[in-house]
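> Sharing start19.cif (mmCIF, C-alpha atoms) below.
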```cif
data_protein
#
loop_
_atom_site.label_atom_id
_atom_site.label_comp_id
_atom_site.auth_asym_id
_atom_site.auth_seq_id
_atom_site.Cartn_x
_atom_site.Cartn_y
_atom_site.Cartn_z
CA MET A 1 0.00 0.00 0.00
CA ILE A 2 1.29 3.42 -0.90
CA LYS A 3 1.78 5.55 2.17
CA LYS A 4 0.38 9.04 2.05
CA THR A 5 0.72 12.21 4.10
CA LEU A 6 -2.63 13.14 5.62
CA THR A 7 -3.45 16.25 7.63
CA PHE A 8 -6.26 16.57 10.15
CA ALA A 9 -7.51 19.63 12.03
CA LEU A 10 -9.32 18.96 15.29
CA MET A 11 -11.19 21.54 17.35
CA ASP A 12 -13.23 19.81 20.03
CA ALA A 13 -12.20 19.75 23.68
CA PRO A 14 -12.03 16.40 25.47
CA TYR A 15 -15.28 14.98 26.81
CA GLU A 16 -17.55 17.43 24.97
CA SER A 17 -18.32 15.91 21.58
CA ALA A 18 -18.80 12.66 19.73
CA ASN A 19 -16.55 14.15 17.04
CA LEU A 20 -13.44 13.12 18.95
CA THR A 21 -14.43 9.46 19.11
CA THR A 22 -14.80 9.46 15.34
CA ALA A 23 -11.61 11.48 14.92
CA PHE A 24 -9.55 9.02 16.96
CA ARG A 25 -11.06 6.12 15.02
CA ILE A 26 -10.02 7.74 11.73
CA LEU A 27 -6.56 8.58 13.05
CA ASP A 28 -6.15 5.03 14.37
CA ALA A 29 -7.12 3.57 10.99
CA ALA A 30 -4.61 5.87 9.26
CA ALA A 31 -1.89 5.02 11.80
CA ARG A 32 -2.44 1.27 11.34
CA ARG A 33 -1.85 1.74 7.62
CA GLY A 34 1.45 3.49 8.28
CA HIS A 35 0.50 6.82 6.75
CA ALA A 36 2.36 9.98 7.74
CA ILE A 37 -0.16 11.96 9.78
CA ASN A 38 -0.21 15.62 10.72
CA VAL A 39 -2.62 16.83 13.38
CA PHE A 40 -3.31 20.50 14.06
CA ALA A 41 -5.04 20.59 17.44
CA TYR A 42 -6.89 23.90 17.49
CA GLU A 43 -9.01 25.56 20.17
CA GLY A 44 -10.40 22.99 22.62
CA ALA A 45 -8.46 20.20 20.94
CA ALA A 46 -5.26 21.81 22.28
CA ALA A 47 -6.18 20.04 25.55
CA LEU A 48 -6.28 16.55 24.06
CA ALA A 49 -2.60 15.88 24.78
CA PHE A 50 -2.52 17.60 28.21
CA THR A 51 -0.60 15.28 30.49
CA ARG A 52 -2.31 16.40 33.72
CA GLN A 53 -5.60 14.67 32.85
CA SER A 54 -6.52 12.09 35.53
CA PRO A 55 -8.96 9.20 35.31
CA HIS A 56 -11.59 8.88 38.05
CA PRO A 57 -13.79 6.18 39.62
CA ASN A 58 -17.51 5.96 38.92
CA PRO A 59 -19.53 6.11 42.15
CA VAL A 60 -22.86 6.18 40.29
CA HIS A 61 -22.07 2.74 38.89
CA GLY A 62 -20.12 1.60 41.95
CA LYS A 63 -16.83 1.24 40.09
CA ASN A 64 -13.48 2.05 41.64
CA LEU A 65 -10.69 3.66 39.69
CA ALA A 66 -9.41 0.41 38.24
CA GLU A 67 -12.85 -0.98 37.46
CA GLU A 68 -13.99 2.19 35.70
CA ASN A 69 -10.77 2.45 33.70
CA HIS A 70 -11.89 5.86 32.54
CA PRO A 71 -10.46 6.98 29.19
CA THR A 72 -8.19 9.99 28.97
CA THR A 73 -7.41 11.56 25.63
CA LYS A 74 -3.75 11.96 26.59
CA ASP A 75 -3.49 8.15 26.66
CA GLN A 76 -5.24 7.91 23.30
CA VAL A 77 -2.80 10.42 21.81
CA ALA A 78 0.18 8.49 23.20
CA ALA A 79 -1.26 5.23 21.86
CA LEU A 80 -1.73 6.80 18.46
CA LEU A 81 1.88 7.93 18.31
CA ALA A 82 3.01 4.42 19.23
CA GLU A 83 0.72 2.79 16.67
CA ALA A 84 2.00 5.00 13.89
CA ALA A 85 5.61 4.17 14.76
CA ARG A 86 4.79 0.46 14.93
CA ASN A 87 3.48 0.57 11.37
CA GLY A 88 6.30 2.56 9.83
CA GLY A 89 4.44 5.86 9.86
CA LYS A 90 4.74 8.95 12.01
CA ILE A 91 2.55 11.60 13.58
CA ASP A 92 3.39 15.28 13.82
CA TRP A 93 0.87 16.43 16.45
CA VAL A 94 0.86 20.20 16.85
CA ASN A 95 -1.01 21.95 19.66
CA CYS A 96 -1.88 25.51 18.65
CA GLY A 97 0.20 27.65 21.02
CA MET A 98 -2.26 30.45 21.75
CA CYS A 99 -5.02 27.91 22.31
CA VAL A 100 -2.73 26.11 24.78
CA ASP A 101 -1.91 29.36 26.58
CA GLU A 102 -5.47 30.58 27.06
CA ARG A 103 -6.52 27.18 28.38
CA GLY A 104 -3.42 26.67 30.54
CA VAL A 105 -2.79 23.21 29.09
CA ASN A 106 0.90 23.60 28.45
CA GLU A 107 2.20 20.19 29.40
CA PHE A 108 1.96 17.80 26.48
CA VAL A 109 2.31 14.13 25.74
CA PRO A 110 5.94 13.57 24.65
CA GLY A 111 6.12 13.48 20.89
CA THR A 112 3.56 16.25 20.44
CA ARG A 113 4.65 19.87 20.16
CA ARG A 114 3.57 23.47 20.41
CA GLY A 115 2.92 25.24 17.12
CA SER A 116 0.94 27.87 15.27
CA PRO A 117 -1.28 28.45 12.23
CA ALA A 118 1.92 28.58 10.17
CA ASP A 119 2.36 24.88 10.92
CA PHE A 120 -1.14 24.15 9.67
CA GLN A 121 -0.40 26.08 6.48
CA THR A 122 2.79 24.04 6.01
CA PHE A 123 0.81 20.86 6.59
CA LEU A 124 -1.82 21.88 4.00
CA ASP A 125 0.77 22.51 1.33
CA ALA A 126 2.85 19.41 2.06
CA SER A 127 0.03 16.85 2.43
CA ASP A 128 -1.67 14.57 -0.02
CA ASN A 129 -4.99 15.39 1.61
CA THR A 130 -6.60 17.25 4.49
CA LEU A 131 -9.70 16.74 6.64
CA VAL A 132 -10.99 19.45 8.95
CA ILE A 133 -13.25 18.15 11.73
CA PRO A 134 -14.94 21.34 12.95
CA THR A 135 -16.69 22.01 16.22
CA LYS A 136 -20.30 23.19 16.42
CA MET B 1 -14.71 14.74 -12.88
CA GLU B 2 -13.63 14.63 -9.28
CA ASN B 3 -14.36 12.41 -6.31
CA TYR B 4 -15.86 13.79 -3.14
CA LEU B 5 -16.44 12.30 0.29
CA LEU B 6 -19.00 14.23 2.32
CA ILE B 7 -19.12 13.16 5.97
CA GLU B 8 -22.41 13.98 7.71
CA SER B 9 -22.36 13.85 11.50
CA ARG B 10 -25.70 15.63 12.02
CA ASP B 11 -29.22 14.30 11.79
CA PRO B 12 -32.41 15.87 10.40
CA PHE B 13 -34.26 15.46 13.70
CA GLU B 14 -32.05 17.97 15.46
CA SER B 15 -30.68 20.03 12.60
CA ASN B 16 -32.47 21.22 9.50
CA ASP B 17 -29.09 22.14 8.05
CA VAL B 18 -28.58 18.56 6.87
CA VAL B 19 -30.86 19.44 3.93
CA TYR B 20 -28.14 21.79 2.64
CA TYR B 21 -25.57 19.00 2.85
CA TYR B 22 -27.75 16.39 1.20
CA GLU B 23 -28.50 18.86 -1.61
CA LEU B 24 -24.83 19.74 -1.94
CA SER B 25 -24.02 16.05 -2.47
CA LYS B 26 -26.67 15.86 -5.19
CA GLY B 27 -25.42 19.11 -6.76
CA LEU B 28 -21.90 17.72 -6.93
CA VAL B 29 -23.16 14.60 -8.72
CA GLU B 30 -25.14 16.75 -11.17
CA ALA B 31 -21.94 18.68 -11.85
CA GLY B 32 -20.38 15.43 -13.03
CA ASN B 33 -18.56 14.23 -9.93
CA GLU B 34 -18.55 10.95 -8.00
CA VAL B 35 -19.88 11.54 -4.53
CA THR B 36 -20.04 9.43 -1.39
CA LEU B 37 -22.06 10.62 1.60
CA PHE B 38 -20.76 8.93 4.75
CA LEU B 39 -23.06 9.13 7.78
CA VAL B 40 -21.42 9.07 11.18
CA GLN B 41 -22.51 9.66 14.78
CA ASN B 42 -26.11 10.86 14.95
CA GLY B 43 -26.05 11.23 11.17
CA VAL B 44 -26.88 7.51 11.00
CA LEU B 45 -30.21 8.10 12.77
CA ALA B 46 -31.57 9.17 9.38
CA ALA B 47 -30.55 5.81 7.91
CA ARG B 48 -33.17 3.91 9.90
CA PRO B 49 -36.33 3.59 7.78
CA SER B 50 -38.54 6.54 8.75
CA ALA B 51 -40.16 9.59 7.23
CA HIS B 52 -36.72 11.21 7.14
CA SER B 53 -34.85 8.39 5.45
CA ALA B 54 -36.70 8.99 2.17
CA ALA B 55 -34.40 11.94 1.49
CA LEU B 56 -31.36 9.67 1.74
CA SER B 57 -32.92 6.97 -0.42
CA ALA B 58 -33.68 9.66 -3.00
CA LEU B 59 -30.01 10.69 -2.92
CA CYS B 60 -29.05 7.09 -3.66
CA GLN B 61 -31.41 7.17 -6.65
CA SER B 62 -29.77 10.35 -7.92
CA GLY B 63 -26.31 8.79 -7.91
CA VAL B 64 -24.89 9.59 -4.47
CA LYS B 65 -23.36 6.58 -2.75
CA VAL B 66 -24.72 6.67 0.82
CA LEU B 67 -22.82 4.79 3.50
CA ALA B 68 -23.46 4.54 7.24
CA ASP B 69 -20.69 3.98 9.78
CA ASN B 70 -20.85 0.49 11.32
CA PHE B 71 -19.74 1.68 14.74
CA SER B 72 -22.31 4.49 14.89
CA LEU B 73 -25.07 2.10 13.77
CA ALA B 74 -24.15 -0.46 16.45
CA GLU B 75 -23.93 2.25 19.09
CA ARG B 76 -27.51 3.24 18.27
CA GLY B 77 -28.93 -0.28 17.78
CA ILE B 78 -29.76 0.30 14.11
CA SER B 79 -29.77 -2.96 12.20
CA LYS B 80 -32.18 -2.25 9.37
CA LEU B 81 -31.24 0.46 6.88
CA ALA B 82 -33.39 2.45 4.47
CA GLU B 83 -33.25 1.52 0.81
CA GLY B 84 -29.94 2.16 -0.90
CA ILE B 85 -27.92 2.82 2.25
CA VAL B 86 -25.02 0.48 3.02
CA ALA B 87 -23.15 -0.03 6.29
CA ALA B 88 -19.42 0.60 6.05
CA PRO B 89 -16.31 0.70 8.25
CA ILE B 90 -14.51 3.93 9.18
CA ASP B 91 -11.59 2.81 7.03
CA VAL B 92 -13.56 4.05 4.03
CA ILE B 93 -12.74 7.59 5.13
CA VAL B 94 -9.03 6.81 5.14
CA ASP B 95 -9.39 5.14 1.72
CA HIS B 96 -10.92 8.30 0.27
CA LEU B 97 -8.34 10.56 1.88
CA ALA B 98 -5.48 8.41 0.67
CA ALA B 99 -6.96 8.45 -2.83
CA GLY B 100 -6.90 12.24 -2.82
CA HIS B 101 -10.67 12.71 -2.82
CA LYS B 102 -11.88 16.07 -1.55
CA THR B 103 -13.27 15.30 1.90
CA LEU B 104 -15.59 17.54 3.89
CA TRP B 105 -17.18 17.17 7.31
CA HIS B 106 -20.55 18.61 8.32
CA MET C 1 3.40 27.63 -4.15
CA ALA C 2 0.48 27.40 -1.74
CA LYS C 3 -2.46 25.20 -2.66
CA LYS C 4 -5.66 27.11 -3.35
CA SER C 5 -7.87 26.56 -0.33
CA LEU C 6 -11.60 27.21 0.06
CA ASN C 7 -12.87 27.64 3.61
CA ILE C 8 -16.61 27.28 4.18
CA VAL C 9 -17.56 28.96 7.43
CA GLU C 10 -21.04 28.35 8.83
CA SER C 11 -20.78 28.50 12.62
CA ALA C 12 -21.55 32.03 13.79
CA TYR C 13 -20.87 33.93 17.02
CA ARG C 14 -19.44 30.85 18.71
CA ALA C 15 -17.01 32.08 21.43
CA VAL C 16 -16.57 35.30 19.45
CA MET C 17 -16.76 37.57 22.50
CA GLU C 18 -14.32 35.42 24.51
CA GLU C 19 -11.83 35.08 21.69
CA GLN C 20 -12.42 38.61 20.38
CA ASP C 21 -12.42 37.03 16.94
CA ASP C 22 -14.21 34.39 14.96
CA THR C 23 -11.56 31.72 15.41
CA ILE C 24 -11.88 30.39 11.86
CA LEU C 25 -11.65 33.78 10.14
CA TRP C 26 -8.70 34.49 12.44
CA LEU C 27 -7.04 31.20 11.54
CA VAL C 28 -7.52 31.77 7.81
CA ALA C 29 -6.02 35.27 8.13
CA ALA C 30 -3.04 33.85 10.02
CA MET C 31 -2.50 31.13 7.43
CA GLN C 32 -2.72 33.69 4.62
CA GLY C 33 0.01 35.62 6.37
CA ALA C 34 2.07 32.43 6.45
CA GLY C 35 1.92 32.22 2.68
CA GLY C 36 -1.44 30.59 2.11
CA SER C 37 -3.88 31.15 -0.74
CA HIS C 38 -7.29 31.19 0.88
CA THR C 39 -10.86 32.08 0.03
CA VAL C 40 -13.80 32.18 2.44
CA VAL C 41 -17.43 31.28 1.86
CA LEU C 42 -19.83 32.45 4.55
CA ARG C 43 -22.91 30.26 4.65
CA GLY C 44 -25.72 29.49 7.10
CA ASN C 45 -25.77 31.83 10.06
CA ALA C 46 -22.24 33.02 9.28
CA VAL C 47 -23.64 35.18 6.45
CA ASN C 48 -24.60 37.52 9.29
CA TYR C 49 -20.91 38.36 9.72
CA ALA C 50 -21.09 40.42 6.54
CA ILE C 51 -23.69 42.88 7.85
CA ALA C 52 -22.17 46.34 8.21
CA GLY C 53 -22.62 48.21 11.46
CA GLN C 54 -22.85 45.26 13.86
CA GLY C 55 -21.18 44.86 17.22
CA ALA C 56 -22.05 44.64 20.90
CA PRO C 57 -20.25 46.62 23.62
CA GLY C 58 -17.66 44.67 25.57
CA LEU C 59 -18.65 42.20 28.25
CA THR C 60 -18.71 43.43 31.84
CA VAL C 61 -18.42 41.06 34.81
CA GLY C 62 -18.23 42.91 38.14
CA GLU C 63 -15.27 45.26 37.84
CA TRP C 64 -13.88 43.38 34.87
CA LYS C 65 -14.57 45.11 31.57
CA GLN C 66 -13.69 43.90 28.11
CA SER C 67 -11.79 46.58 26.22
CA GLN C 68 -11.46 44.97 22.78
CA ALA C 69 -14.93 43.80 21.82
CA PRO C 70 -14.94 42.14 18.41
CA ARG C 71 -16.59 43.59 15.30
CA MET C 72 -17.25 40.89 12.75
CA ASP C 73 -18.05 43.34 9.95
CA ARG C 74 -14.63 44.95 10.36
CA ASP C 75 -12.96 41.53 10.35
CA VAL C 76 -14.72 40.58 7.10
CA ALA C 77 -13.66 43.87 5.53
CA ASP C 78 -10.11 43.30 6.78
CA LEU C 79 -9.94 39.89 5.12
CA ILE C 80 -10.96 41.43 1.80
CA GLU C 81 -9.08 44.72 1.84
CA ASN C 82 -5.91 44.00 3.76
CA ARG C 83 -5.31 40.29 3.45
CA LYS C 84 -6.60 39.85 -0.12
CA ILE C 85 -8.83 36.95 0.88
CA PRO C 86 -11.96 36.83 -1.32
CA VAL C 87 -15.12 36.45 0.76
CA TYR C 88 -18.25 34.94 -0.74
CA VAL C 89 -21.67 35.02 0.90
CA VAL C 90 -24.37 32.49 -0.01
CA GLU C 91 -27.29 34.43 -1.49
CA GLU C 92 -30.05 32.06 -0.46
CA ASP C 93 -28.85 32.12 3.16
CA LEU C 94 -29.06 35.92 3.14
CA ALA C 95 -32.59 35.85 1.71
CA GLU C 96 -33.78 33.24 4.22
CA ARG C 97 -32.55 35.51 7.02
CA GLY C 98 -34.15 38.64 5.60
CA ILE C 99 -30.82 40.30 4.90
CA ALA C 100 -30.76 42.73 1.98
CA HIS C 101 -27.67 43.03 -0.21
CA ASP C 102 -27.25 46.71 0.61
CA GLU C 103 -26.74 45.86 4.29
CA LEU C 104 -23.47 44.08 3.54
CA VAL C 105 -19.91 45.35 3.87
CA SER C 106 -18.48 46.31 0.52
CA GLY C 107 -16.35 43.87 -1.36
CA VAL C 108 -18.17 40.62 -0.48
CA LYS C 109 -19.13 38.51 -3.48
CA LEU C 110 -22.45 36.75 -3.74
CA VAL C 111 -22.66 33.08 -4.66
CA SER C 112 -25.70 30.87 -5.09
CA ARG C 113 -25.92 27.55 -3.26
CA ARG C 114 -26.35 25.96 -6.67
CA ALA C 115 -23.02 27.37 -7.80
CA LEU C 116 -21.02 25.85 -4.93
CA PRO C 117 -20.10 22.66 -6.88
CA ARG C 118 -18.60 24.81 -9.65
CA LEU C 119 -16.71 26.88 -7.07
CA PHE C 120 -15.38 23.73 -5.39
CA ALA C 121 -13.81 22.66 -8.68
CA GLU C 122 -11.52 25.70 -8.60
CA TYR C 123 -9.82 24.74 -5.32
CA GLU C 124 -7.41 21.99 -4.35
CA ILE C 125 -8.42 21.97 -0.70
CA ILE C 126 -11.93 22.48 0.63
CA SER C 127 -12.40 22.79 4.38
CA HIS C 128 -15.87 22.85 5.89
CA TRP C 129 -15.53 24.61 9.25
#
```
Let's see the structure in the file written out as structure tokens.


Amino acid sequence: MIKKTLTFALMDAPYESANLTTAFRILDAAARRGHAINVFAYEGAAALAFTRQSPHPNPVHGKNLAEENHPTTKDQVAALLAEAARNGGKIDWVNCGMCVDERGVNEFVPGTRRGSPADFQTFLDASDNTLVIPTK
Amino acid sequence: MENYLLIESRDPFESNDVVYYYELSKGLVEAGNEVTLFLVQNGVLAARPSAHSAALSALCQSGVKVLADNFSLAERGISKLAEGIVAAPIDVIVDHLAAGHKTLWH
Amino acid sequence: MAKKSLNIVESAYRAVMEEQDDTILWLVAAMQGAGGSHTVVLRGNAVNYAIAGQGAPGLTVGEWKQSQAPRMDRDVADLIENRKIPVYVVEEDLAERGIAHDELVSGVKLVSRRALPRLFAEYEIISHW
């Protein structure tokens, strides 16, 4: 299979939209195929890779921390990076710097980086294709 | 002639803006393009046979390929689909992107 | 050379006061400054951005007062005049909202919904925001 360079723009914050579930499924599928993937994490999505997220138990359902095994997007981002590497691809995950600053989410999963709209422009011009997943 | 993938995440029960997107897909076909409309998330709610699914079946008749995401269908317990609509895996989106098809999300 | 990119903007007044910008128009302007070749289509409620003379006073919360309230009409004009980003507005969306053409900032171009497929053919990248 010919490997391509694909760019994605994400905007939704963690835990607020079904869009992110679909986005991670698409990214996972692309990573499994070994494509080179660029992600521009804009606005709320700048928090997806924030390392200070913590899982929690679920007292409503009587589950302790381990039993609930609550997802965190930082773990999903880390898993995505690993999956891409395992399949001969790579991910350049850029967190929009001003979005990071205004949200105070400036500690990222290793392998992701701070960036700017200039990075997204570079991605657009250097990619085989682009998908923007907007927020509502 | 170009290929387009239009991803629809919204449903007509909550948003009347899906009409614009359905009509855009038809307009792109009429302009000579190959168009796939891929329903995801609540967008698949319109795929269940109902008064609203007729619009999607009509799109199929007019040449739009209408797919519904397997995962979203299972999540919502939808097993029977309106005429012309086919269940599909999320990989289809990656296929289209890798093939260079213009891909939009609504 | 930058790829020609069409940006369809439909979400309107989402976090505009907090961000003091529409974050998509802002992003497109920033990318244009980074060497991009962008065009904007305002559709749905976002056609309202093109109405001249709009703008609320800044937010006040207790003693906190916003000093840089956004003005979407000025931002649309800025895209056109200063950043050389063509801005289209979907005619049918204006009509459905009771907006007359003479209410719009100067320089916006009108496009029919029916003409969008032809417009799409002119661009390498189409982003639906």

> Return as a PDB file with C-alpha atoms, keeping the file's coordinate frame the set of residues that the PyMOL selection byres ((chain A) within 9 of (chain C)) yields on the displayed structure.


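In the end it all went to out06.pdb:
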```pdb
ATOM      1  CA  GLU A  43      -9.010  25.560  20.170  1.00  0.00           C
ATOM      2  CA  SER A 116       0.940  27.870  15.270  1.00  0.00           C
ATOM      3  CA  PRO A 117      -1.280  28.450  12.230  1.00  0.00           C
ATOM      4  CA  ALA A 118       1.920  28.580  10.170  1.00  0.00           C
ATOM      5  CA  ASP A 119       2.360  24.880  10.920  1.00  0.00           C
ATOM      6  CA  PHE A 120      -1.140  24.150   9.670  1.00  0.00           C
ATOM      7  CA  GLN A 121      -0.400  26.080   6.480  1.00  0.00           C
ATOM      8  CA  THR A 122       2.790  24.040   6.010  1.00  0.00           C
ATOM      9  CA  LEU A 124      -1.820  21.880   4.000  1.00  0.00           C
ATOM     10  CA  ASP A 125       0.770  22.510   1.330  1.00  0.00           C
ATOM     11  CA  ASN A 129      -4.990  15.390   1.610  1.00  0.00           C
ATOM     12  CA  THR A 130      -6.600  17.250   4.490  1.00  0.00           C
ATOM     13  CA  LEU A 131      -9.700  16.740   6.640  1.00  0.00           C
ATOM     14  CA  VAL A 132     -10.990  19.450   8.950  1.00  0.00           C
ATOM     15  CA  ILE A 133     -13.250  18.150  11.730  1.00  0.00           C
ATOM     16  CA  PRO A 134     -14.940  21.340  12.950  1.00  0.00           C
ATOM     17  CA  THR A 135     -16.690  22.010  16.220  1.00  0.00           C
ATOM     18  CA  LYS A 136     -20.300  23.190  16.420  1.00  0.00           C
TER      19      LYS A 136
END
```

> With the PyMOL selection byres ((chain A) within 9 of (chain B)) as the selection, what would be picked from this file? Answer as a list in words, please.

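Those residues are Ile2, Lys3, Lys4, Thr5, Leu6, Ala18, Asn19, Thr22, Arg25, Ile26, Leu27, Ala29, Ala30, His35, Asp128, Asn129, Thr130, Leu131, Val132, Ile133 and Pro134 of chain A.
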
> Write the residues of the preceding selection, restricted to C-alpha atoms, as a PDB file, in the frame of the given file.


```pdb
ATOM      1  CA  ILE A   2       1.290   3.420  -0.900  1.00  0.00           C
ATOM      2  CA  LYS A   3       1.780   5.550   2.170  1.00  0.00           C
ATOM      3  CA  LYS A   4       0.380   9.040   2.050  1.00  0.00           C
ATOM      4  CA  THR A   5       0.720  12.210   4.100  1.00  0.00           C
ATOM      5  CA  LEU A   6      -2.630  13.140   5.620  1.00  0.00           C
ATOM      6  CA  ALA A  18     -18.800  12.660  19.730  1.00  0.00           C
ATOM      7  CA  ASN A  19     -16.550  14.150  17.040  1.00  0.00           C
ATOM      8  CA  THR A  22     -14.800   9.460  15.340  1.00  0.00           C
ATOM      9  CA  ARG A  25     -11.060   6.120  15.020  1.00  0.00           C
ATOM     10  CA  ILE A  26     -10.020   7.740  11.730  1.00  0.00           C
ATOM     11  CA  LEU A  27      -6.560   8.580  13.050  1.00  0.00           C
ATOM     12  CA  ALA A  29      -7.120   3.570  10.990  1.00  0.00           C
ATOM     13  CA  ALA A  30      -4.610   5.870   9.260  1.00  0.00           C
ATOM     14  CA  HIS A  35       0.500   6.820   6.750  1.00  0.00           C
ATOM     15  CA  ASP A 128      -1.670  14.570  -0.020  1.00  0.00           C
ATOM     16  CA  ASN A 129      -4.990  15.390   1.610  1.00  0.00           C
ATOM     17  CA  THR A 130      -6.600  17.250   4.490  1.00  0.00           C
ATOM     18  CA  LEU A 131      -9.700  16.740   6.640  1.00  0.00           C
ATOM     19  CA  VAL A 132     -10.990  19.450   8.950  1.00  0.00           C
ATOM     20  CA  ILE A 133     -13.250  18.150  11.730  1.00  0.00           C
ATOM     21  CA  PRO A 134     -14.940  21.340  12.950  1.00  0.00           C
TER      22      PRO A 134
END
```

> Between CA of Glu83 (chain B) and CA of Leu37 (chain B), measure the distance and give it in Å to one decimal.

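About the pair CA of Glu83 (chain B) and CA of Leu37 (chain B): they are 14.4 Å apart.
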
> Quick check on the file I pasted: which residues fall under the PyMOL selection byres ((chain B and resi 12) around 10)? Write them as a ChimeraX atom specification.

/B:10-11,13-19,42-43,45-46,52-53,55

> List the spatial neighbours of Ile85 (chain B) as a count of residues only - criterion: any atom at most 7 Å away, only C-alpha atoms, same-chain residues fewer than 2 positions off excluded.

8

> Would you mind listing what lies within 9 Å of Asp28 (chain A) as a VMD selection string, with only C-alpha atoms counted and same-chain residues fewer than 6 positions away left out?

chain A and resid 79 to 80 83 to 84

> State, in Å with one decimal place, the distance from CA of Gln76 (chain A) to CA of Gly62 (chain A).

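For CA of Gln76 (chain A) relative to CA of Gly62 (chain A), the distance reads 24.7 Å.
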
> Please return the centre and edge lengths, in Å to one decimal, of a box with edges along x, y and z that contains all listed atoms of region 39-42 of chain C, widened by 8 Å on every side, as AutoDock Vina command-line options.


```
--center_x -15.3 --center_y 31.9 --center_z 2.3 --size_x 25.0 --size_y 17.2 --size_z 20.5
```

> What does the structure give for the distance between CA of Asn33 (chain B) and CA of Gly34 (chain A), in Å to one decimal?

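Taking CA of Asn33 (chain B) and CA of Gly34 (chain A), their separation equals 29.1 Å.
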
> Enumerate, in order of chain and increasing residue number, the residues of region 48-132 of chain A with an atom no farther than 8 Å from region 36-39 of chain A, each with its shortest atom pair and distance in Å to one decimal, counting all atoms listed in the file, as a tab-separated table.


```
residue	atom	partner	partner_atom	distance
A:Ala84	CA	A:Ala36	CA	7.9
A:Gly89	CA	A:Ala36	CA	5.1
A:Lys90	CA	A:Ala36	CA	5.0
A:Ile91	CA	A:Ile37	CA	4.7
A:Asp92	CA	A:Asn38	CA	4.8
A:Trp93	CA	A:Val39	CA	4.7
A:Val94	CA	A:Val39	CA	6.0
A:Phe123	CA	A:Asn38	CA	6.7
```

> Between C:Arg43, C:Val61, C:Asn48, C:Met72, which is the closest to Val16 (chain C) once you count all atoms listed in the file?

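When distances to Val16 (chain C) are compared using all atoms listed in the file, the smallest one comes from C:Met72.
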
> In file coordinates, which residues lie within 9 Å of (-20.9, 38.1, 11.2) using all atoms listed in the file, given as a PyMOL selection string?

chain C and resi 12-13+22+42+45-52+54+71-73+75-76

> Taking (-22.5, 30.8, 1.5) in the file's own coordinates, collect the residues within 9 Å, counting all atoms listed in the file, and hand them back as a PDB file with C-alpha atoms, keeping the file's coordinate frame.


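Saved result, out-v4.pdb, follows:
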```
ATOM      1  CA  ILE C   8     -16.610  27.280   4.180  1.00  0.00           C
ATOM      2  CA  VAL C   9     -17.560  28.960   7.430  1.00  0.00           C
ATOM      3  CA  GLU C  10     -21.040  28.350   8.830  1.00  0.00           C
ATOM      4  CA  VAL C  40     -13.800  32.180   2.440  1.00  0.00           C
ATOM      5  CA  VAL C  41     -17.430  31.280   1.860  1.00  0.00           C
ATOM      6  CA  LEU C  42     -19.830  32.450   4.550  1.00  0.00           C
ATOM      7  CA  ARG C  43     -22.910  30.260   4.650  1.00  0.00           C
ATOM      8  CA  GLY C  44     -25.720  29.490   7.100  1.00  0.00           C
ATOM      9  CA  ALA C  46     -22.240  33.020   9.280  1.00  0.00           C
ATOM     10  CA  VAL C  47     -23.640  35.180   6.450  1.00  0.00           C
ATOM     11  CA  TYR C  88     -18.250  34.940  -0.740  1.00  0.00           C
ATOM     12  CA  VAL C  89     -21.670  35.020   0.900  1.00  0.00           C
ATOM     13  CA  VAL C  90     -24.370  32.490  -0.010  1.00  0.00           C
ATOM     14  CA  GLU C  91     -27.290  34.430  -1.490  1.00  0.00           C
ATOM     15  CA  GLU C  92     -30.050  32.060  -0.460  1.00  0.00           C
ATOM     16  CA  ASP C  93     -28.850  32.120   3.160  1.00  0.00           C
ATOM     17  CA  LEU C  94     -29.060  35.920   3.140  1.00  0.00           C
ATOM     18  CA  LEU C 110     -22.450  36.750  -3.740  1.00  0.00           C
ATOM     19  CA  VAL C 111     -22.660  33.080  -4.660  1.00  0.00           C
ATOM     20  CA  SER C 112     -25.700  30.870  -5.090  1.00  0.00           C
ATOM     21  CA  ARG C 113     -25.920  27.550  -3.260  1.00  0.00           C
ATOM     22  CA  LEU C 116     -21.020  25.850  -4.930  1.00  0.00           C
TER      23      LEU C 116
END
```

> What lies within 6 Å of region 67-72 of chain A using all atoms listed in the file, ignoring chain neighbours under 3 positions off, as an MDAnalysis selection string?

chainID A and resid 55 57 63:64 75

> For chain C, which residue among B:Tyr20, B:Leu28, B:Asn70, B:Ser79 is the nearest when counting only C-alpha atoms?

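Counting only C-alpha atoms, the residue closest to chain C is B:Leu28.
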
> Between B:Gly27, B:Tyr22, B:Val35, B:Leu73, which is the closest to chain C once you count all atoms listed in the file?

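Once distances to chain C are computed over all atoms listed in the file, the minimum belongs to B:Gly27.
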